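Scroll down for the structure; my scribbles are underneath it.
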Amino acid sequence: MVNFQTLTQRSSFIKNMKQGNFLYAPFFLVQIRSKKSSNNISTFRFGVTASKKVGKSVQRNFAKRRMRSLFREALQQEKAENFLEGYTYDIVLIAKKSLLHSSYKVLLKDFKKCLEKWLKENIKR
(Lines give C-alpha, C1' and ligand atoms only; values in the text may rest on other atoms or scores of the structure.)
Protein backbone atom coordinates (compact mmCIF):
# COMPACT_ATOMS: atom_id res chain seq x y z
CA MET A 1 0.00 0.00 0.00
CA VAL A 2 1.19 3.50 -0.86
CA ASN A 3 0.43 6.73 0.97
CA PHE A 4 0.96 10.27 -0.44
CA GLN A 5 1.48 13.36 1.72
CA THR A 6 2.67 16.93 1.25
CA LEU A 7 5.68 18.53 2.92
CA THR A 8 4.57 21.88 4.28
CA GLN A 9 6.74 22.66 7.30
CA ARG A 10 10.05 24.44 6.89
CA SER A 11 11.75 21.98 9.26
CA SER A 12 10.92 19.10 6.89
CA PHE A 13 12.53 20.93 3.97
CA ILE A 14 15.65 21.70 6.01
CA LYS A 15 15.97 18.12 7.26
CA ASN A 16 15.64 16.90 3.68
CA MET A 17 18.30 19.37 2.55
CA LYS A 18 20.78 18.23 5.20
CA GLN A 19 20.20 14.47 5.03
CA GLY A 20 18.95 13.89 1.48
CA ASN A 21 20.66 13.21 -1.82
CA PHE A 22 20.75 15.92 -4.50
CA LEU A 23 20.11 15.13 -8.15
CA TYR A 24 20.64 17.84 -10.74
CA ALA A 25 18.48 18.25 -13.83
CA PRO A 26 18.48 21.13 -16.32
CA PHE A 27 15.13 22.45 -15.11
CA PHE A 28 15.06 21.63 -11.39
CA LEU A 29 16.95 20.14 -8.45
CA VAL A 30 15.65 16.99 -6.81
CA GLN A 31 16.30 16.20 -3.14
CA ILE A 32 15.38 12.69 -2.03
CA ARG A 33 15.63 11.20 1.44
CA SER A 34 14.45 7.78 2.53
CA LYS A 35 14.02 6.44 6.03
CA LYS A 36 12.60 3.27 7.53
CA SER A 37 9.09 3.72 8.89
CA SER A 38 7.48 1.81 11.74
CA ASN A 39 4.70 0.29 9.64
CA ASN A 40 4.81 -1.68 6.40
CA ILE A 41 3.36 1.12 4.24
CA SER A 42 5.36 3.12 1.69
CA THR A 43 4.81 6.83 2.21
CA PHE A 44 5.76 9.50 -0.33
CA ARG A 45 6.02 13.01 1.07
CA PHE A 46 6.41 15.66 -1.60
CA GLY A 47 7.35 19.32 -1.48
CA VAL A 48 7.98 21.99 -4.10
CA THR A 49 9.73 25.30 -3.87
CA ALA A 50 10.40 28.15 -6.28
CA SER A 51 12.44 31.15 -5.20
CA LYS A 52 12.10 34.70 -6.48
CA LYS A 53 14.90 33.90 -8.95
CA VAL A 54 12.30 31.95 -10.94
CA GLY A 55 10.14 35.02 -11.44
CA LYS A 56 7.23 36.92 -9.98
CA SER A 57 4.42 35.19 -8.12
CA VAL A 58 2.51 34.14 -11.25
CA GLN A 59 5.57 32.38 -12.71
CA ARG A 60 6.47 30.79 -9.36
CA ASN A 61 2.95 29.43 -8.91
CA PHE A 62 2.97 28.10 -12.48
CA ALA A 63 6.29 26.35 -11.82
CA LYS A 64 4.95 24.81 -8.59
CA ARG A 65 1.80 23.55 -10.34
CA ARG A 66 3.92 21.92 -13.05
CA MET A 67 6.18 20.24 -10.48
CA ARG A 68 3.21 18.88 -8.49
CA SER A 69 1.77 17.49 -11.69
CA LEU A 70 5.14 15.91 -12.56
CA PHE A 71 5.24 14.18 -9.22
CA ARG A 72 1.72 12.75 -9.52
CA GLU A 73 2.16 11.54 -13.07
CA ALA A 74 5.66 10.11 -12.61
CA LEU A 75 4.75 8.09 -9.54
CA GLN A 76 1.60 6.76 -11.18
CA GLN A 77 3.68 5.53 -14.10
CA GLU A 78 6.61 4.36 -11.98
CA LYS A 79 6.14 0.86 -10.68
CA ALA A 80 5.60 0.62 -6.93
CA GLU A 81 7.78 -2.50 -6.82
CA ASN A 82 10.83 -0.32 -7.48
CA PHE A 83 10.47 1.32 -4.06
CA LEU A 84 10.94 -0.68 -0.87
CA GLU A 85 7.92 -1.34 1.34
CA GLY A 86 7.94 0.21 4.80
CA TYR A 87 9.96 3.30 3.92
CA THR A 88 9.12 6.99 3.88
CA TYR A 89 10.41 8.88 0.87
CA ASP A 90 10.74 12.67 1.14
CA ILE A 91 11.06 14.26 -2.30
CA VAL A 92 11.60 18.00 -2.80
CA LEU A 93 11.71 19.68 -6.21
CA ILE A 94 13.39 23.09 -6.48
CA ALA A 95 12.51 25.02 -9.63
CA LYS A 96 15.00 26.69 -11.93
CA LYS A 97 14.01 29.55 -14.21
CA SER A 98 14.38 27.34 -17.31
CA LEU A 99 11.43 25.21 -16.10
CA LEU A 100 9.00 27.93 -17.20
CA HIS A 101 9.90 27.67 -20.89
CA SER A 102 10.34 23.93 -21.34
CA SER A 103 7.81 21.40 -22.56
CA TYR A 104 6.02 19.17 -20.09
CA LYS A 105 7.21 15.97 -21.82
CA VAL A 106 10.85 16.99 -21.37
CA LEU A 107 10.26 17.81 -17.69
CA LEU A 108 8.57 14.45 -17.11
CA LYS A 109 11.40 12.59 -18.83
CA ASP A 110 14.03 14.39 -16.73
CA PHE A 111 12.16 13.74 -13.48
CA LYS A 112 11.77 10.04 -14.28
CA LYS A 113 15.46 9.86 -15.17
CA CYS A 114 16.34 11.40 -11.79
CA LEU A 115 14.11 8.90 -9.96
CA GLU A 116 15.64 5.95 -11.84
CA LYS A 117 19.17 7.18 -11.11
CA TRP A 118 18.38 7.55 -7.41
CA LEU A 119 16.76 4.10 -7.29
CA LYS A 120 19.83 2.49 -8.92
CA GLU A 121 22.23 4.16 -6.48
CA ASN A 122 20.24 3.77 -3.25
CA ILE A 123 17.85 0.81 -3.41
CA LYS A 124 19.65 -2.45 -2.87
CA ARG A 125 17.53 -5.56 -3.26
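We label chains A, B, ... in the order they appear in the C-alpha coordinates, count residues from 1 in each chain, and number ligands from 1 in the order shown.
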
Residues of region 66-86 of chain A at most 10 Å from region 42-55 of chain A: nearest atom pair and distance in Å, only C-alpha atoms, as a Markdown table:
```
| residue | atom | partner | partner_atom | distance |
| --- | --- | --- | --- | --- |
| A:Arg66 | CA | A:Val48 | CA | 9.8 |
| A:Met67 | CA | A:Val48 | CA | 6.9 |
| A:Arg68 | CA | A:Val48 | CA | 7.2 |
| A:Phe71 | CA | A:Phe46 | CA | 7.8 |
| A:Arg72 | CA | A:Phe46 | CA | 9.6 |
| A:Leu75 | CA | A:Phe44 | CA | 9.4 |
| A:Ala80 | CA | A:Ser42 | CA | 9.0 |
| A:Phe83 | CA | A:Ser42 | CA | 7.9 |
| A:Leu84 | CA | A:Ser42 | CA | 7.2 |
| A:Glu85 | CA | A:Ser42 | CA | 5.1 |
| A:Gly86 | CA | A:Ser42 | CA | 5.0 |
```

Next, dump the selected residues to file, keeping only N, CA and C atoms, as a PDB file, in the first residue's frame.
```
ATOM      1  N   ARG A  66       3.302  22.881 -12.119  1.00  0.00           N
ATOM      2  CA  ARG A  66       3.922  21.921 -13.047  1.00  0.00           C
ATOM      3  C   ARG A  66       4.677  20.837 -12.284  1.00  0.00           C
ATOM      4  N   MET A  67       5.396  21.221 -11.230  1.00  0.00           N
ATOM      5  CA  MET A  67       6.178  20.240 -10.479  1.00  0.00           C
ATOM      6  C   MET A  67       5.263  19.277  -9.724  1.00  0.00           C
ATOM      7  N   ARG A  68       4.165  19.773  -9.161  1.00  0.00           N
ATOM      8  CA  ARG A  68       3.213  18.878  -8.490  1.00  0.00           C
ATOM      9  C   ARG A  68       2.626  17.877  -9.480  1.00  0.00           C
ATOM     10  N   PHE A  71       5.145  15.166 -10.281  1.00  0.00           N
ATOM     11  CA  PHE A  71       5.243  14.178  -9.217  1.00  0.00           C
ATOM     12  C   PHE A  71       4.105  13.159  -9.311  1.00  0.00           C
ATOM     13  N   ARG A  72       2.879  13.651  -9.449  1.00  0.00           N
ATOM     14  CA  ARG A  72       1.723  12.753  -9.520  1.00  0.00           C
ATOM     15  C   ARG A  72       1.825  11.805 -10.703  1.00  0.00           C
ATOM     16  N   LEU A  75       4.920   9.189 -10.489  1.00  0.00           N
ATOM     17  CA  LEU A  75       4.752   8.092  -9.539  1.00  0.00           C
ATOM     18  C   LEU A  75       3.598   7.168  -9.917  1.00  0.00           C
ATOM     19  N   ALA A  80       5.447   0.584  -8.379  1.00  0.00           N
ATOM     20  CA  ALA A  80       5.605   0.625  -6.927  1.00  0.00           C
ATOM     21  C   ALA A  80       6.608  -0.408  -6.444  1.00  0.00           C
ATOM     22  N   PHE A  83      10.217   0.727  -5.369  1.00  0.00           N
ATOM     23  CA  PHE A  83      10.468   1.318  -4.062  1.00  0.00           C
ATOM     24  C   PHE A  83      10.238   0.272  -2.982  1.00  0.00           C
ATOM     25  N   LEU A  84      11.054   0.295  -1.949  1.00  0.00           N
ATOM     26  CA  LEU A  84      10.943  -0.679  -0.872  1.00  0.00           C
ATOM     27  C   LEU A  84       9.728  -0.401  -0.002  1.00  0.00           C
ATOM     28  N   GLU A  85       9.061  -1.460   0.434  1.00  0.00           N
ATOM     29  CA  GLU A  85       7.918  -1.335   1.345  1.00  0.00           C
ATOM     30  C   GLU A  85       8.413  -0.920   2.723  1.00  0.00           C
ATOM     31  N   GLY A  86       7.605  -0.158   3.433  1.00  0.00           N
ATOM     32  CA  GLY A  86       7.936   0.213   4.804  1.00  0.00           C
ATOM     33  C   GLY A  86       8.911   1.367   4.922  1.00  0.00           C
TER      34      GLY A  86
END
```

For this session: Using DSSP on the backbone coordinates, identify all residues within chain A classified as helix (DSSP H, G or I); present the result as number ranges by chain.
Result: A: 10-19, 57-77, 80-82, 97-101, 104-122

For this session: Write out as a PyMOL selection string all residues of region 17-114 of chain A that backbone DSSP assigns to strand (DSSP E).
Result: chain A and resi 21-24+28-36+42-49+87-95

Which residues, written as a short mmCIF file (atom, residue, chain, number, x, y, z; two decimals) with N, CA and C atoms, in the first residue's frame, have at least one atom at most 12 Å from region 16-25 of chain A, with only C-alpha atoms counted and residues fewer than 4 positions away on the same chain left out?
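File written: out23.cif
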```cif
data_model
loop_
_atom_site.label_atom_id
_atom_site.label_comp_id
_atom_site.auth_asym_id
_atom_site.auth_seq_id
_atom_site.Cartn_x
_atom_site.Cartn_y
_atom_site.Cartn_z
N LEU A 7 4.79 17.86 1.98
CA LEU A 7 5.68 18.53 2.92
C LEU A 7 5.28 19.99 2.97
N GLN A 9 6.00 21.96 6.26
CA GLN A 9 6.74 22.66 7.30
C GLN A 9 8.18 22.91 6.88
N ARG A 10 8.69 24.06 7.24
CA ARG A 10 10.05 24.44 6.89
C ARG A 10 11.07 23.44 7.45
N SER A 11 10.82 22.93 8.63
CA SER A 11 11.75 21.98 9.26
C SER A 11 11.91 20.71 8.42
N SER A 12 10.84 20.28 7.76
CA SER A 12 10.92 19.10 6.89
C SER A 12 11.80 19.37 5.68
N LEU A 29 16.15 20.98 -9.34
CA LEU A 29 16.95 20.14 -8.45
C LEU A 29 16.00 19.18 -7.76
N VAL A 30 16.46 17.97 -7.52
CA VAL A 30 15.65 16.99 -6.81
C VAL A 30 16.41 16.59 -5.55
N GLN A 31 15.74 16.67 -4.40
CA GLN A 31 16.30 16.20 -3.14
C GLN A 31 15.46 15.01 -2.70
N ILE A 32 16.11 13.88 -2.45
CA ILE A 32 15.38 12.69 -2.03
C ILE A 32 16.02 12.14 -0.77
N ARG A 33 15.17 11.81 0.19
CA ARG A 33 15.63 11.20 1.44
C ARG A 33 14.71 10.04 1.75
N SER A 34 15.28 8.92 2.14
CA SER A 34 14.45 7.78 2.53
C SER A 34 14.80 7.38 3.95
N LYS A 35 13.79 6.92 4.67
CA LYS A 35 14.02 6.44 6.03
C LYS A 35 13.03 5.31 6.32
N ARG A 45 6.30 11.64 0.64
CA ARG A 45 6.02 13.01 1.07
C ARG A 45 6.70 13.92 0.06
N PHE A 46 5.93 14.86 -0.49
CA PHE A 46 6.41 15.66 -1.60
C PHE A 46 6.31 17.14 -1.30
N GLY A 47 7.35 17.88 -1.66
CA GLY A 47 7.35 19.32 -1.48
C GLY A 47 7.93 20.01 -2.70
N THR A 88 9.67 5.67 4.18
CA THR A 88 9.12 6.99 3.88
C THR A 88 10.09 7.69 2.96
N TYR A 89 9.59 8.18 1.85
CA TYR A 89 10.41 8.88 0.87
C TYR A 89 10.02 10.35 0.86
N ASP A 90 10.96 11.22 1.19
CA ASP A 90 10.74 12.67 1.14
C ASP A 90 11.39 13.18 -0.15
N ILE A 91 10.57 13.77 -1.01
CA ILE A 91 11.06 14.26 -2.30
C ILE A 91 10.74 15.75 -2.40
N VAL A 92 11.77 16.55 -2.65
CA VAL A 92 11.60 18.00 -2.80
C VAL A 92 12.11 18.39 -4.18
N LEU A 93 11.30 19.13 -4.91
CA LEU A 93 11.71 19.68 -6.21
C LEU A 93 11.93 21.18 -6.06
N ILE A 94 13.07 21.66 -6.52
CA ILE A 94 13.39 23.09 -6.48
C ILE A 94 13.47 23.58 -7.91
N ALA A 95 12.63 24.54 -8.25
CA ALA A 95 12.51 25.02 -9.63
C ALA A 95 13.70 25.89 -10.03
N LYS A 96 14.07 25.77 -11.30
CA LYS A 96 15.00 26.69 -11.93
C LYS A 96 14.20 27.52 -12.93
N SER A 98 14.57 28.00 -16.00
CA SER A 98 14.38 27.34 -17.31
C SER A 98 13.15 26.43 -17.34
N LEU A 99 12.62 26.06 -16.17
CA LEU A 99 11.43 25.21 -16.10
C LEU A 99 10.22 25.89 -16.75
N VAL A 106 9.43 16.96 -21.71
CA VAL A 106 10.85 16.99 -21.37
C VAL A 106 11.02 16.99 -19.85
N LEU A 107 10.19 17.77 -19.15
CA LEU A 107 10.26 17.81 -17.69
C LEU A 107 9.97 16.44 -17.09
N LEU A 108 8.95 15.77 -17.61
CA LEU A 108 8.57 14.45 -17.11
C LEU A 108 9.69 13.45 -17.34
N LYS A 109 10.30 13.50 -18.51
CA LYS A 109 11.40 12.59 -18.83
C LYS A 109 12.58 12.82 -17.89
N ASP A 110 12.91 14.08 -17.63
CA ASP A 110 14.03 14.39 -16.73
C ASP A 110 13.74 13.94 -15.29
N PHE A 111 12.51 14.15 -14.84
CA PHE A 111 12.16 13.74 -13.48
C PHE A 111 12.21 12.23 -13.34
N LYS A 112 11.70 11.51 -14.32
CA LYS A 112 11.77 10.04 -14.28
C LYS A 112 13.22 9.56 -14.30
N LYS A 113 14.05 10.23 -15.09
CA LYS A 113 15.46 9.86 -15.17
C LYS A 113 16.14 10.07 -13.81
N CYS A 114 15.79 11.15 -13.13
CA CYS A 114 16.34 11.40 -11.79
C CYS A 114 15.89 10.32 -10.80
N LEU A 115 14.61 9.95 -10.85
CA LEU A 115 14.11 8.90 -9.96
C LEU A 115 14.82 7.58 -10.22
N GLU A 116 14.97 7.21 -11.50
CA GLU A 116 15.64 5.95 -11.84
C GLU A 116 17.09 5.95 -11.37
N LYS A 117 17.77 7.08 -11.56
CA LYS A 117 19.17 7.18 -11.11
C LYS A 117 19.26 7.01 -9.60
N TRP A 118 18.36 7.66 -8.87
CA TRP A 118 18.38 7.55 -7.41
C TRP A 118 18.07 6.11 -6.98
N LEU A 119 17.11 5.48 -7.63
CA LEU A 119 16.76 4.10 -7.29
C LEU A 119 17.94 3.15 -7.52
N GLU A 121 21.14 3.89 -7.42
CA GLU A 121 22.23 4.16 -6.48
C GLU A 121 21.87 3.79 -5.04
N ASN A 122 20.60 3.87 -4.67
CA ASN A 122 20.24 3.77 -3.25
C ASN A 122 19.40 2.57 -2.84
#
```

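CA of Thr6 (chain A) sits 16.1 Å away from CA of Gln76 (chain A).
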
Problem set entry | d(CA of Glu78 (chain A), CA of Ala63 (chain A)) in Å | 22.0 Å

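Coordinates place CA of Ser69 (chain A) at a distance of 19.3 Å from CA of Phe13 (chain A).
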